[in-house]
file work.csv (CSV, C-alpha atoms)
chain,number,residue,atom,x,y,z
A,1,ALA,CA,-4.2,-25.7,-15.1
A,2,GLN,CA,-1.0,-23.8,-15.0
A,3,SER,CA,0.5,-23.1,-11.6
A,4,VAL,CA,3.7,-21.8,-10.2
A,5,THR,CA,5.1,-22.6,-6.8
A,6,GLN,CA,7.8,-20.6,-5.1
A,7,PRO,CA,8.5,-22.6,-1.9
A,8,ASP,CA,10.4,-19.9,-0.1
A,9,ILE,CA,8.4,-17.0,1.1
A,10,HIS,CA,11.3,-15.1,2.6
A,11,ILE,CA,15.1,-15.7,2.2
A,12,THR,CA,17.9,-13.8,4.0
A,13,VAL,CA,21.4,-13.9,2.7
A,14,SER,CA,24.6,-12.0,3.5
A,15,GLU,CA,26.0,-9.5,1.1
A,16,GLY,CA,28.5,-11.2,-1.2
A,17,ALA,CA,27.0,-14.7,-0.6
A,18,SER,CA,25.5,-16.8,-3.4
A,19,LEU,CA,21.7,-17.0,-4.0
A,20,GLU,CA,19.3,-19.5,-5.3
A,21,LEU,CA,15.5,-18.9,-5.5
A,22,ARG,CA,13.4,-21.9,-6.3
A,23,CYS,CA,10.5,-22.1,-8.7
A,24,ASN,CA,8.5,-25.1,-9.8
A,25,TYR,CA,5.8,-25.0,-12.4
A,26,SER,CA,2.9,-27.2,-13.5
A,27,TYR,CA,2.0,-27.2,-17.2
A,28,GLY,CA,1.1,-29.7,-19.8
A,29,ALA,CA,3.9,-28.7,-22.2
A,30,THR,CA,7.1,-26.7,-22.1
A,31,PRO,CA,6.0,-23.2,-21.1
A,32,TYR,CA,7.6,-19.9,-21.4
A,33,LEU,CA,9.3,-19.1,-18.1
A,34,PHE,CA,10.1,-15.7,-16.6
A,35,TRP,CA,11.7,-14.2,-13.5
A,36,TYR,CA,10.6,-10.7,-12.5
A,37,VAL,CA,11.9,-8.5,-9.7
A,38,GLN,CA,9.8,-5.9,-7.8
A,39,SER,CA,11.6,-3.4,-5.7
A,40,PRO,CA,9.6,-1.6,-2.9
A,41,GLY,CA,7.1,0.7,-4.4
A,42,GLN,CA,8.0,-0.2,-8.0
A,43,GLY,CA,6.5,-2.1,-10.9
A,44,LEU,CA,7.9,-5.4,-12.1
A,45,GLN,CA,11.2,-5.6,-14.0
A,46,LEU,CA,11.9,-8.6,-16.3
A,47,LEU,CA,15.2,-10.3,-15.2
A,48,LEU,CA,15.3,-13.1,-17.7
A,49,LYS,CA,13.2,-15.5,-19.7
A,50,TYR,CA,13.3,-19.0,-21.2
A,51,PHE,CA,11.5,-20.0,-24.4
A,52,SER,CA,13.6,-22.8,-25.8
A,53,GLY,CA,17.2,-23.9,-26.5
A,54,ASP,CA,20.0,-23.6,-24.0
A,55,THR,CA,18.5,-24.4,-20.6
A,56,LEU,CA,20.9,-22.0,-18.8
A,57,VAL,CA,19.8,-18.4,-19.5
A,58,GLN,CA,21.5,-15.2,-18.5
A,59,GLY,CA,19.7,-12.1,-17.5
A,60,ILE,CA,20.3,-8.6,-16.3
A,61,LYS,CA,22.0,-7.6,-13.0
A,62,GLY,CA,24.2,-10.8,-13.0
A,63,PHE,CA,21.3,-13.2,-12.6
A,64,GLU,CA,20.9,-16.5,-14.3
A,65,ALA,CA,18.4,-19.3,-14.3
A,66,GLU,CA,18.4,-23.0,-15.3
A,67,PHE,CA,15.4,-24.8,-16.8
A,68,LYS,CA,15.2,-28.4,-15.7
A,69,ARG,CA,12.4,-30.2,-17.5
A,70,SER,CA,12.7,-33.4,-15.5
A,71,GLN,CA,12.1,-31.4,-12.3
A,72,SER,CA,9.7,-28.8,-13.7
A,73,SER,CA,11.9,-26.2,-12.2
A,74,PHE,CA,13.3,-22.9,-13.2
A,75,ASN,CA,15.6,-21.7,-10.3
A,76,LEU,CA,17.1,-18.3,-10.2
A,77,ARG,CA,20.7,-17.9,-9.2
A,78,LYS,CA,23.3,-15.2,-8.5
A,79,PRO,CA,26.9,-15.9,-7.5
A,80,SER,CA,27.3,-12.9,-5.3
A,81,VAL,CA,24.4,-10.7,-4.1
A,82,HIS,CA,24.5,-6.9,-3.5
A,83,TRP,CA,22.5,-4.9,-1.0
A,84,SER,CA,20.6,-3.5,-4.0
A,85,ASP,CA,19.2,-7.0,-4.8
A,86,ALA,CA,16.9,-6.8,-1.8
A,87,ALA,CA,13.4,-7.0,-3.4
A,88,GLU,CA,10.5,-9.3,-4.1
A,89,TYR,CA,11.2,-11.9,-6.9
A,90,PHE,CA,8.4,-13.5,-8.9
A,91,CYS,CA,8.6,-16.5,-11.1
A,92,ALA,CA,5.9,-16.7,-13.9
A,93,VAL,CA,4.8,-19.1,-16.6
A,94,GLY,CA,3.1,-18.2,-19.8
A,95,LYS,CA,1.8,-19.8,-22.9
A,96,GLY,CA,-0.6,-19.3,-25.7
A,97,ALA,CA,-2.5,-16.1,-25.4
A,98,GLN,CA,0.4,-14.6,-23.4
A,99,LYS,CA,-1.3,-14.8,-20.1
A,100,LEU,CA,1.1,-15.0,-17.2
A,101,VAL,CA,0.6,-17.0,-14.1
A,102,PHE,CA,2.7,-15.8,-11.2
A,103,GLY,CA,4.1,-17.6,-8.2
A,104,GLN,CA,3.5,-16.2,-4.7
A,105,GLY,CA,6.9,-14.4,-4.7
A,106,THR,CA,10.0,-14.7,-2.6
A,107,ARG,CA,11.1,-11.7,-0.5
A,108,LEU,CA,14.9,-11.4,-0.4
A,109,THR,CA,16.6,-9.6,2.5
A,110,ILE,CA,20.3,-8.9,2.4
A,111,ASN,CA,22.3,-8.7,5.6
A,112,PRO,CA,25.3,-6.3,5.5
B,1,SER,CA,11.3,-2.7,-24.2
B,2,ALA,CA,8.3,-0.4,-24.1
B,3,VAL,CA,8.1,2.5,-21.7
B,4,ILE,CA,4.8,2.4,-19.8
B,5,SER,CA,3.3,5.0,-17.6
B,6,GLN,CA,0.3,4.9,-15.3
B,7,LYS,CA,-1.8,7.6,-13.8
B,8,PRO,CA,-2.4,8.2,-11.0
B,9,SER,CA,0.5,6.6,-9.2
B,10,ARG,CA,-1.5,6.4,-6.0
B,11,ASP,CA,-4.9,7.5,-4.6
B,12,ILE,CA,-7.0,7.3,-1.5
B,13,CYS,CA,-10.7,6.9,-2.3
B,14,GLN,CA,-14.0,6.7,-0.4
B,15,ARG,CA,-16.0,3.6,-0.3
B,16,GLY,CA,-18.7,3.5,-3.0
B,17,THR,CA,-16.8,5.7,-5.5
B,18,SER,CA,-15.0,4.8,-8.7
B,19,LEU,CA,-11.5,5.4,-9.9
B,20,THR,CA,-10.2,5.3,-13.5
B,21,ILE,CA,-6.6,4.3,-14.0
B,22,GLN,CA,-4.8,5.2,-17.2
B,23,CYS,CA,-2.0,3.3,-18.9
B,24,GLN,CA,0.0,4.9,-21.7
B,25,VAL,CA,2.7,3.1,-23.8
B,26,ASP,CA,5.3,4.8,-25.9
B,27,SER,CA,4.8,2.5,-28.8
B,28,GLN,CA,2.0,0.5,-30.4
B,29,VAL,CA,1.5,-2.9,-28.8
B,30,THR,CA,-0.7,-5.8,-29.6
B,31,MET,CA,-1.5,-7.0,-26.1
B,32,MET,CA,-2.3,-5.0,-23.0
B,33,PHE,CA,-3.2,-6.6,-19.6
B,34,TRP,CA,-4.4,-5.4,-16.2
B,35,TYR,CA,-3.3,-7.1,-13.0
B,36,ARG,CA,-4.2,-6.7,-9.4
B,37,GLN,CA,-1.7,-7.2,-6.6
B,38,GLN,CA,-3.4,-7.3,-3.2
B,39,PRO,CA,-1.3,-6.3,-0.1
B,40,GLY,CA,1.6,-8.8,0.4
B,41,GLN,CA,0.3,-11.0,-2.4
B,42,SER,CA,1.3,-12.0,-5.9
B,43,LEU,CA,-0.2,-10.7,-9.2
B,44,THR,CA,-3.6,-11.8,-10.5
B,45,LEU,CA,-4.7,-11.1,-14.0
B,46,ILE,CA,-7.9,-9.2,-14.2
B,47,ALA,CA,-8.4,-9.0,-18.0
B,48,THR,CA,-6.8,-8.7,-21.4
B,49,ALA,CA,-7.6,-5.3,-23.0
B,50,ASN,CA,-8.4,-5.9,-26.6
B,51,GLN,CA,-8.2,-3.0,-29.1
B,52,GLY,CA,-11.5,-2.3,-30.7
B,53,SER,CA,-13.4,-4.9,-28.8
B,54,GLU,CA,-14.5,-5.8,-25.3
B,55,ALA,CA,-11.9,-6.9,-22.8
B,56,THR,CA,-11.6,-10.6,-21.9
B,57,TYR,CA,-12.0,-11.1,-18.2
B,58,GLU,CA,-10.5,-13.8,-16.0
B,59,SER,CA,-12.6,-15.9,-13.7
B,60,GLY,CA,-13.7,-13.9,-10.7
B,61,PHE,CA,-13.6,-10.5,-12.4
B,62,VAL,CA,-16.6,-8.9,-14.2
B,63,ILE,CA,-17.0,-6.0,-16.5
B,64,ASP,CA,-19.5,-4.2,-14.2
B,65,LYS,CA,-16.8,-4.0,-11.5
B,66,PHE,CA,-13.8,-3.5,-13.7
B,67,PRO,CA,-14.7,-1.8,-17.0
B,68,ILE,CA,-11.8,-1.5,-19.4
B,69,SER,CA,-11.3,0.6,-22.5
B,70,ARG,CA,-8.7,0.2,-25.2
B,71,PRO,CA,-9.3,2.9,-27.8
B,72,ASN,CA,-6.0,2.5,-29.6
B,73,LEU,CA,-2.8,0.5,-29.6
B,74,THR,CA,-1.0,2.7,-27.0
B,75,PHE,CA,-3.6,3.5,-24.4
B,76,SER,CA,-6.0,1.7,-22.0
B,77,THR,CA,-8.0,2.5,-18.9
B,78,LEU,CA,-9.2,0.4,-16.0
B,79,THR,CA,-12.0,1.6,-13.8
B,80,VAL,CA,-12.5,0.2,-10.3
B,81,SER,CA,-16.2,0.7,-9.7
B,82,ASN,CA,-18.2,1.0,-6.4
B,83,MET,CA,-15.1,0.5,-4.4
B,84,SER,CA,-14.9,-1.2,-1.1
B,85,PRO,CA,-11.8,-1.6,1.3
B,86,GLU,CA,-11.2,-5.1,-0.3
B,87,ASP,CA,-10.3,-3.3,-3.6
B,88,SER,CA,-7.3,-1.7,-1.9
B,89,SER,CA,-4.4,-3.0,-4.0
B,90,ILE,CA,-1.8,-2.1,-6.5
B,91,TYR,CA,-3.1,-2.2,-10.1
B,92,LEU,CA,-0.6,-2.8,-12.8
B,93,CYS,CA,-0.9,-2.7,-16.5
B,94,SER,CA,1.4,-4.6,-18.8
B,95,VAL,CA,2.1,-4.9,-22.4
B,96,GLY,CA,3.2,-7.8,-24.6
B,97,ASP,CA,4.0,-8.3,-28.2
B,98,ARG,CA,4.4,-11.6,-29.9
B,99,GLY,CA,7.1,-10.0,-32.0
B,100,VAL,CA,9.4,-9.9,-29.0
B,101,GLY,CA,8.8,-13.3,-27.6
B,102,TYR,CA,5.8,-13.2,-25.4
B,103,GLU,CA,7.3,-11.5,-22.5
B,104,GLN,CA,5.4,-8.7,-20.7
B,105,TYR,CA,6.6,-5.4,-19.5
B,106,PHE,CA,4.9,-3.7,-16.6
B,107,GLY,CA,4.0,-0.2,-15.7
B,108,PRO,CA,4.9,1.3,-12.3
B,109,GLY,CA,1.5,0.5,-10.8
B,110,THR,CA,-1.3,2.5,-9.1
B,111,ARG,CA,-1.5,2.1,-5.4
B,112,LEU,CA,-5.2,2.3,-4.4
B,113,THR,CA,-6.4,2.7,-0.8
B,114,VAL,CA,-10.1,2.6,-0.2
B,115,THR,CA,-11.4,4.0,3.1
call {"tool": "encode", "arguments": {"input": "work.csv", "output": "structure tokens"}}
result
Amino acid sequence: AQSVTQPDIHITVSEGASLELRCNYSYGATPYLFWYVQSPGQGLQLLLKYFSGDTLVQGIKGFEAEFKRSQSSFNLRKPSVHWSDAAEYFCAVGKGAQKLVFGQGTRLTINP
Amino acid sequence: SAVISQKPSRDICQRGTSLTIQCQVDSQVTMMFWYRQQPGQSLTLIATANQGSEATYESGFVIDKFPISRPNLTFSTLTVSNMSPEDSSIYLCSVGDRGVGYEQYFGPGTRLTVT
């Protein structure tokens, strides 16, 4: 069965520092991969997605993610975080009937 | 991307009652989904809302507890029936369309508290 693991429940970084959020998936074939962000009291916003092709994908708000098939990973990165990036981040995998399976989420705190 | 609205945005309900949540999309979409997000948890898919036919439920979710309607391509409702405190969650609808690459777009959610 599909599964998604986000090993880090909570990460704290300083404003201006770089960020990497980890995501590992389990699936029998190359899945569709997504990163979503959920700000407090809000719904989910799609940051970026990977379907095929270039394994480094660019998203909104300065985020990027790299698909590594050999490691079954799809880590999210940002070179310099802003206080407004504080939120919950979810990695998700989807295939077939468009069902999404979400990871447990990583809560990002930004220190001023 | 589609613009999705949900009503109500939040509600506090008594145990044993039912609440119907509405999801409205500003364009016709093929796929609509309902998710539950329990406090501090990730999202779990409840069901896929199929236009013109019964919803398809995921393991652990049943139609008697979470009846769903999908009368057209822009609207769906989810009812949480005979509520208990364990139903306190955020309920989110999402839409997807194969034409835009399988991603899903989410509504703002309905925050439900059952007392």
call {"tool": "interface_residues", "arguments": {"input": "work.csv", "of": "chain B", "to": "chain A", "cutoff": "7 Å", "atoms": "all atoms listed in the file", "output": "ChimeraX atom specification"}}
result
/B:41-43,102,105-109
call {"tool": "residues_around", "arguments": {"input": "work.csv", "residues": "Gly16 (chain B)", "least_positions_apart": "4", "cutoff": "8 Å", "atoms": "only C-alpha atoms", "output": "PyMOL selection string"}}
result
chain B and resi 81-84
call {"tool": "residues_around", "arguments": {"input": "work.csv", "residues": "Thr79 (chain B)", "least_positions_apart": "6", "cutoff": "10 Å", "atoms": "only C-alpha atoms", "output": "PDB file with C-alpha atoms, in the frame of the given file"}}
result
ATOM      1  CA  SER B  18     -15.000   4.800  -8.700  1.00  0.00           C
ATOM      2  CA  LEU B  19     -11.500   5.400  -9.900  1.00  0.00           C
ATOM      3  CA  THR B  20     -10.200   5.300 -13.500  1.00  0.00           C
ATOM      4  CA  ILE B  21      -6.600   4.300 -14.000  1.00  0.00           C
ATOM      5  CA  GLN B  22      -4.800   5.200 -17.200  1.00  0.00           C
ATOM      6  CA  ILE B  63     -17.000  -6.000 -16.500  1.00  0.00           C
ATOM      7  CA  ASP B  64     -19.500  -4.200 -14.200  1.00  0.00           C
ATOM      8  CA  LYS B  65     -16.800  -4.000 -11.500  1.00  0.00           C
ATOM      9  CA  PHE B  66     -13.800  -3.500 -13.700  1.00  0.00           C
ATOM     10  CA  PRO B  67     -14.700  -1.800 -17.000  1.00  0.00           C
ATOM     11  CA  ILE B  68     -11.800  -1.500 -19.400  1.00  0.00           C
ATOM     12  CA  SER B  69     -11.300   0.600 -22.500  1.00  0.00           C
TER      13      SER B  69
END
call {"tool": "closest_residue", "arguments": {"input": "work.csv", "among": "B:Ile12, B:Ser5, B:Arg36, B:Val29", "to": "Ser89 (chain B)", "atoms": "all atoms listed in the file"}}
result
B:Arg36
call {"tool": "residues_around", "arguments": {"input": "work.csv", "residues": "Thr110 (chain B)", "least_positions_apart": "5", "cutoff": "7 Å", "atoms": "all atoms listed in the file", "output": "number ranges by chain"}}
result
B: 6-10, 90-92
call {"tool": "decode", "arguments": {"input": "work.csv", "residues": "region 19-31 of chain B", "atoms": "all heavy atoms", "output": "PDB file, in the first residue's frame"}}
result
ATOM      1  N   LEU B  19     -24.710  17.293  11.189  1.00  0.00           N
ATOM      2  CA  LEU B  19     -24.319  18.535  10.533  1.00  0.00           C
ATOM      3  C   LEU B  19     -24.037  18.252   9.068  1.00  0.00           C
ATOM      4  O   LEU B  19     -23.333  17.291   8.743  1.00  0.00           O
ATOM      5  CB  LEU B  19     -23.063  19.128  11.176  1.00  0.00           C
ATOM      6  CG  LEU B  19     -22.505  20.390  10.500  1.00  0.00           C
ATOM      7  CD1 LEU B  19     -23.438  21.576  10.758  1.00  0.00           C
ATOM      8  CD2 LEU B  19     -21.100  20.702  10.959  1.00  0.00           C
ATOM      9  N   THR B  20     -24.576  19.098   8.206  1.00  0.00           N
ATOM     10  CA  THR B  20     -24.289  18.982   6.781  1.00  0.00           C
ATOM     11  C   THR B  20     -23.360  20.103   6.352  1.00  0.00           C
ATOM     12  O   THR B  20     -23.634  21.277   6.606  1.00  0.00           O
ATOM     13  CB  THR B  20     -25.581  19.024   5.953  1.00  0.00           C
ATOM     14  OG1 THR B  20     -26.372  17.877   6.269  1.00  0.00           O
ATOM     15  CG2 THR B  20     -25.269  18.989   4.454  1.00  0.00           C
ATOM     16  N   ILE B  21     -22.271  19.714   5.710  1.00  0.00           N
ATOM     17  CA  ILE B  21     -21.258  20.653   5.228  1.00  0.00           C
ATOM     18  C   ILE B  21     -21.392  20.755   3.712  1.00  0.00           C
ATOM     19  O   ILE B  21     -21.501  19.735   3.024  1.00  0.00           O
ATOM     20  CB  ILE B  21     -19.850  20.153   5.595  1.00  0.00           C
ATOM     21  CG1 ILE B  21     -19.727  19.974   7.113  1.00  0.00           C
ATOM     22  CG2 ILE B  21     -18.784  21.116   5.082  1.00  0.00           C
ATOM     23  CD1 ILE B  21     -18.500  19.209   7.549  1.00  0.00           C
ATOM     24  N   GLN B  22     -21.361  21.986   3.224  1.00  0.00           N
ATOM     25  CA  GLN B  22     -21.497  22.215   1.789  1.00  0.00           C
ATOM     26  C   GLN B  22     -20.142  22.587   1.185  1.00  0.00           C
ATOM     27  O   GLN B  22     -19.348  23.292   1.800  1.00  0.00           O
ATOM     28  CB  GLN B  22     -22.490  23.347   1.524  1.00  0.00           C
ATOM     29  CG  GLN B  22     -23.877  23.070   2.024  1.00  0.00           C
ATOM     30  CD  GLN B  22     -24.809  24.249   1.764  1.00  0.00           C
ATOM     31  OE1 GLN B  22     -24.440  25.233   1.129  1.00  0.00           O
ATOM     32  NE2 GLN B  22     -26.037  24.128   2.244  1.00  0.00           N
ATOM     33  N   CYS B  23     -19.940  22.137  -0.035  1.00  0.00           N
ATOM     34  CA  CYS B  23     -18.738  22.463  -0.788  1.00  0.00           C
ATOM     35  C   CYS B  23     -19.152  22.935  -2.178  1.00  0.00           C
ATOM     36  O   CYS B  23     -19.831  22.200  -2.905  1.00  0.00           O
ATOM     37  CB  CYS B  23     -17.826  21.246  -0.895  1.00  0.00           C
ATOM     38  SG  CYS B  23     -16.315  21.512  -1.838  1.00  0.00           S
ATOM     39  N   GLN B  24     -18.760  24.150  -2.518  1.00  0.00           N
ATOM     40  CA  GLN B  24     -19.133  24.763  -3.797  1.00  0.00           C
ATOM     41  C   GLN B  24     -17.871  25.122  -4.570  1.00  0.00           C
ATOM     42  O   GLN B  24     -16.938  25.710  -4.009  1.00  0.00           O
ATOM     43  CB  GLN B  24     -19.955  26.025  -3.556  1.00  0.00           C
ATOM     44  CG  GLN B  24     -20.386  26.758  -4.821  1.00  0.00           C
ATOM     45  CD  GLN B  24     -21.511  26.043  -5.544  1.00  0.00           C
ATOM     46  OE1 GLN B  24     -22.550  25.732  -4.959  1.00  0.00           O
ATOM     47  NE2 GLN B  24     -21.327  25.774  -6.836  1.00  0.00           N
ATOM     48  N   VAL B  25     -17.844  24.774  -5.852  1.00  0.00           N
ATOM     49  CA  VAL B  25     -16.692  25.060  -6.707  1.00  0.00           C
ATOM     50  C   VAL B  25     -17.126  26.029  -7.800  1.00  0.00           C
ATOM     51  O   VAL B  25     -18.265  25.957  -8.271  1.00  0.00           O
ATOM     52  CB  VAL B  25     -16.138  23.775  -7.349  1.00  0.00           C
ATOM     53  CG1 VAL B  25     -14.806  24.033  -8.043  1.00  0.00           C
ATOM     54  CG2 VAL B  25     -15.993  22.676  -6.315  1.00  0.00           C
ATOM     55  N   ASP B  26     -16.205  26.891  -8.211  1.00  0.00           N
ATOM     56  CA  ASP B  26     -16.580  27.920  -9.191  1.00  0.00           C
ATOM     57  C   ASP B  26     -16.508  27.437 -10.633  1.00  0.00           C
ATOM     58  O   ASP B  26     -16.743  28.215 -11.554  1.00  0.00           O
ATOM     59  CB  ASP B  26     -15.701  29.161  -9.010  1.00  0.00           C
ATOM     60  CG  ASP B  26     -14.250  28.915  -9.411  1.00  0.00           C
ATOM     61  OD1 ASP B  26     -13.842  27.742  -9.490  1.00  0.00           O
ATOM     62  OD2 ASP B  26     -13.523  29.902  -9.628  1.00  0.00           O
ATOM     63  N   SER B  27     -16.190  26.165 -10.831  1.00  0.00           N
ATOM     64  CA  SER B  27     -16.161  25.611 -12.176  1.00  0.00           C
ATOM     65  C   SER B  27     -16.495  24.129 -12.099  1.00  0.00           C
ATOM     66  O   SER B  27     -16.436  23.527 -11.021  1.00  0.00           O
ATOM     67  CB  SER B  27     -14.776  25.801 -12.812  1.00  0.00           C
ATOM     68  OG  SER B  27     -13.789  25.184 -12.016  1.00  0.00           O
ATOM     69  N   GLN B  28     -16.853  23.553 -13.222  1.00  0.00           N
ATOM     70  CA  GLN B  28     -17.194  22.131 -13.228  1.00  0.00           C
ATOM     71  C   GLN B  28     -15.930  21.283 -13.074  1.00  0.00           C
ATOM     72  O   GLN B  28     -14.929  21.535 -13.757  1.00  0.00           O
ATOM     73  CB  GLN B  28     -17.925  21.774 -14.527  1.00  0.00           C
ATOM     74  CG  GLN B  28     -19.287  22.444 -14.651  1.00  0.00           C
ATOM     75  CD  GLN B  28     -20.048  21.967 -15.884  1.00  0.00           C
ATOM     76  OE1 GLN B  28     -19.454  21.470 -16.834  1.00  0.00           O
ATOM     77  NE2 GLN B  28     -21.357  22.114 -15.859  1.00  0.00           N
ATOM     78  N   VAL B  29     -16.001  20.318 -12.195  1.00  0.00           N
ATOM     79  CA  VAL B  29     -14.859  19.457 -11.945  1.00  0.00           C
ATOM     80  C   VAL B  29     -15.302  18.006 -11.975  1.00  0.00           C
ATOM     81  O   VAL B  29     -16.434  17.675 -11.607  1.00  0.00           O
ATOM     82  CB  VAL B  29     -14.178  19.770 -10.593  1.00  0.00           C
ATOM     83  CG1 VAL B  29     -13.517  21.132 -10.628  1.00  0.00           C
ATOM     84  CG2 VAL B  29     -15.165  19.669  -9.441  1.00  0.00           C
ATOM     85  N   THR B  30     -14.378  17.149 -12.366  1.00  0.00           N
ATOM     86  CA  THR B  30     -14.701  15.726 -12.441  1.00  0.00           C
ATOM     87  C   THR B  30     -14.731  15.085 -11.066  1.00  0.00           C
ATOM     88  O   THR B  30     -15.650  14.362 -10.717  1.00  0.00           O
ATOM     89  CB  THR B  30     -13.664  15.008 -13.320  1.00  0.00           C
ATOM     90  OG1 THR B  30     -13.552  15.686 -14.560  1.00  0.00           O
ATOM     91  CG2 THR B  30     -14.045  13.558 -13.534  1.00  0.00           C
ATOM     92  N   MET B  31     -13.686  15.352 -10.297  1.00  0.00           N
ATOM     93  CA  MET B  31     -13.501  14.626  -9.047  1.00  0.00           C
ATOM     94  C   MET B  31     -13.680  15.569  -7.859  1.00  0.00           C
ATOM     95  O   MET B  31     -13.149  16.669  -7.839  1.00  0.00           O
ATOM     96  CB  MET B  31     -12.088  14.023  -8.991  1.00  0.00           C
ATOM     97  CG  MET B  31     -11.649  13.289 -10.232  1.00  0.00           C
ATOM     98  SD  MET B  31     -12.554  11.753 -10.474  1.00  0.00           S
ATOM     99  CE  MET B  31     -11.791  10.737  -9.224  1.00  0.00           C
TER     100      MET B  31
END
